[in-house]
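This report concerns only the one structure given below.
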Amino acid sequence: MMDKFTITELAEVLIRKNGLSENEAQAFVAAIFDIVKEGLDTDKIVKVKGFGTFKLIEVSDRESVKINTGERYVIPGHSKVTFTPDAELKAKV
């Protein structure tokens, strides 16, 4: 079963399934995430055909309430990454 992976665990899957060396697999996984990060930094969107789209979106400030005290406070706005799978990936899953 596959759920959450660390970069090292993704590299181990590449080693097992594709016979890559440990260094090659870790370098490949790190490079993929570096490319996605770089694309998000410059263009705010990265599309990988057959896989999906990573998109950087801005979240506005919002008000919330502390559960223990009932005190209201503002959660500052921030950026977050979203991922939408490509139709091809959705069909396989």
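All residue names refer to the structure tokens as shown: chains lettered A, B, ... in order, residues numbered from 1 in each chain, ligands numbered from 1 in order.
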### Query
What are the DSSP strand (DSSP E or B) residues of region 22-64 of chain A, as a ChimeraX atom specification?
/A:45-48,52-59,62-64
I'd like the contact shell of Lys90 (chain A) - 12 Å cut-off, only C-alpha atoms, skipping same-chain residues fewer than 6 positions apart - returned as a compact mmCIF listing (two decimals) with C-alpha atoms, in the first residue's frame.
```txt
# COMPACT_ATOMS: atom_id res chain seq x y z
CA GLY A 50 -0.10 12.61 -17.84
CA PHE A 51 0.46 13.40 -14.16
CA GLY A 52 -1.16 16.67 -13.13
CA THR A 84 -4.93 18.56 -9.59
```
### Query
Distance CA of Ala91 (chain A)-CA of Thr53 (chain A), one decimal place?
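Answer for the CA of Ala91 (chain A) to CA of Thr53 (chain A) separation: 15.4 Å.
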#### Entry: DSSP-assigned helix (DSSP H, G or I) among region 4-92 of chain A, expressed as number ranges by chain
A: 7-18, 22-43, 87-92
### Residue nearest Thr6 (chain A) - candidates A:Val29, A:Asp86, A:Glu22, A:Asp43, atoms counted: only C-alpha atoms
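Nearest candidate to Thr6 (chain A) out of A:Val29, A:Asp86, A:Glu22, A:Asp43: A:Val29.
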### Task
Name all residues at most 12 Å from Tyr73 (chain A) (count only C-alpha atoms; drop same-chain ones fewer than 6 positions away) and give them as a ChimeraX atom specification.
/A:61-67
For the residues in that selection, give me N, CA, C and O atoms as a PDB file, in the first residue's frame.
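Final output, saved to result_7.pdb:
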```
ATOM      1  N   ASP A  61      -6.242  36.588   4.308  1.00  0.00           N
ATOM      2  CA  ASP A  61      -6.383  36.602   5.762  1.00  0.00           C
ATOM      3  C   ASP A  61      -7.775  36.090   6.098  1.00  0.00           C
ATOM      4  O   ASP A  61      -8.723  36.317   5.341  1.00  0.00           O
ATOM      5  N   ARG A  62      -7.895  35.422   7.231  1.00  0.00           N
ATOM      6  CA  ARG A  62      -9.234  35.012   7.665  1.00  0.00           C
ATOM      7  C   ARG A  62      -9.301  35.028   9.187  1.00  0.00           C
ATOM      8  O   ARG A  62      -8.304  34.893   9.872  1.00  0.00           O
ATOM      9  N   GLU A  63     -10.493  35.205   9.675  1.00  0.00           N
ATOM     10  CA  GLU A  63     -10.707  35.279  11.112  1.00  0.00           C
ATOM     11  C   GLU A  63     -11.041  33.897  11.647  1.00  0.00           C
ATOM     12  O   GLU A  63     -11.719  33.108  11.002  1.00  0.00           O
ATOM     13  N   SER A  64     -10.562  33.621  12.850  1.00  0.00           N
ATOM     14  CA  SER A  64     -10.858  32.357  13.502  1.00  0.00           C
ATOM     15  C   SER A  64     -11.074  32.613  14.991  1.00  0.00           C
ATOM     16  O   SER A  64     -10.961  33.741  15.455  1.00  0.00           O
ATOM     17  N   VAL A  65     -11.391  31.559  15.719  1.00  0.00           N
ATOM     18  CA  VAL A  65     -11.643  31.665  17.153  1.00  0.00           C
ATOM     19  C   VAL A  65     -10.811  30.606  17.870  1.00  0.00           C
ATOM     20  O   VAL A  65     -10.794  29.451  17.466  1.00  0.00           O
ATOM     21  N   LYS A  66     -10.101  31.026  18.932  1.00  0.00           N
ATOM     22  CA  LYS A  66      -9.362  30.069  19.755  1.00  0.00           C
ATOM     23  C   LYS A  66     -10.380  29.249  20.545  1.00  0.00           C
ATOM     24  O   LYS A  66     -11.210  29.814  21.262  1.00  0.00           O
ATOM     25  N   ILE A  67     -10.309  27.952  20.406  1.00  0.00           N
ATOM     26  CA  ILE A  67     -11.310  27.063  21.013  1.00  0.00           C
ATOM     27  C   ILE A  67     -11.344  27.189  22.535  1.00  0.00           C
ATOM     28  O   ILE A  67     -12.417  27.256  23.133  1.00  0.00           O
TER      29      ILE A  67
END
```
### Query
CA of Pro85 (chain A) to CA of Ile45 (chain A): how many Å, to one decimal?
13.3 Å
### Message
List as a ChimeraX atom specification the protein and nucleic acid residues near Lys37 (chain A), meaning an atom at most 10 Å away when only C-alpha atoms are counted, but skip any in the same chain fewer than 5 places from it.
### Response
/A:31-32,42-46,54,56,81
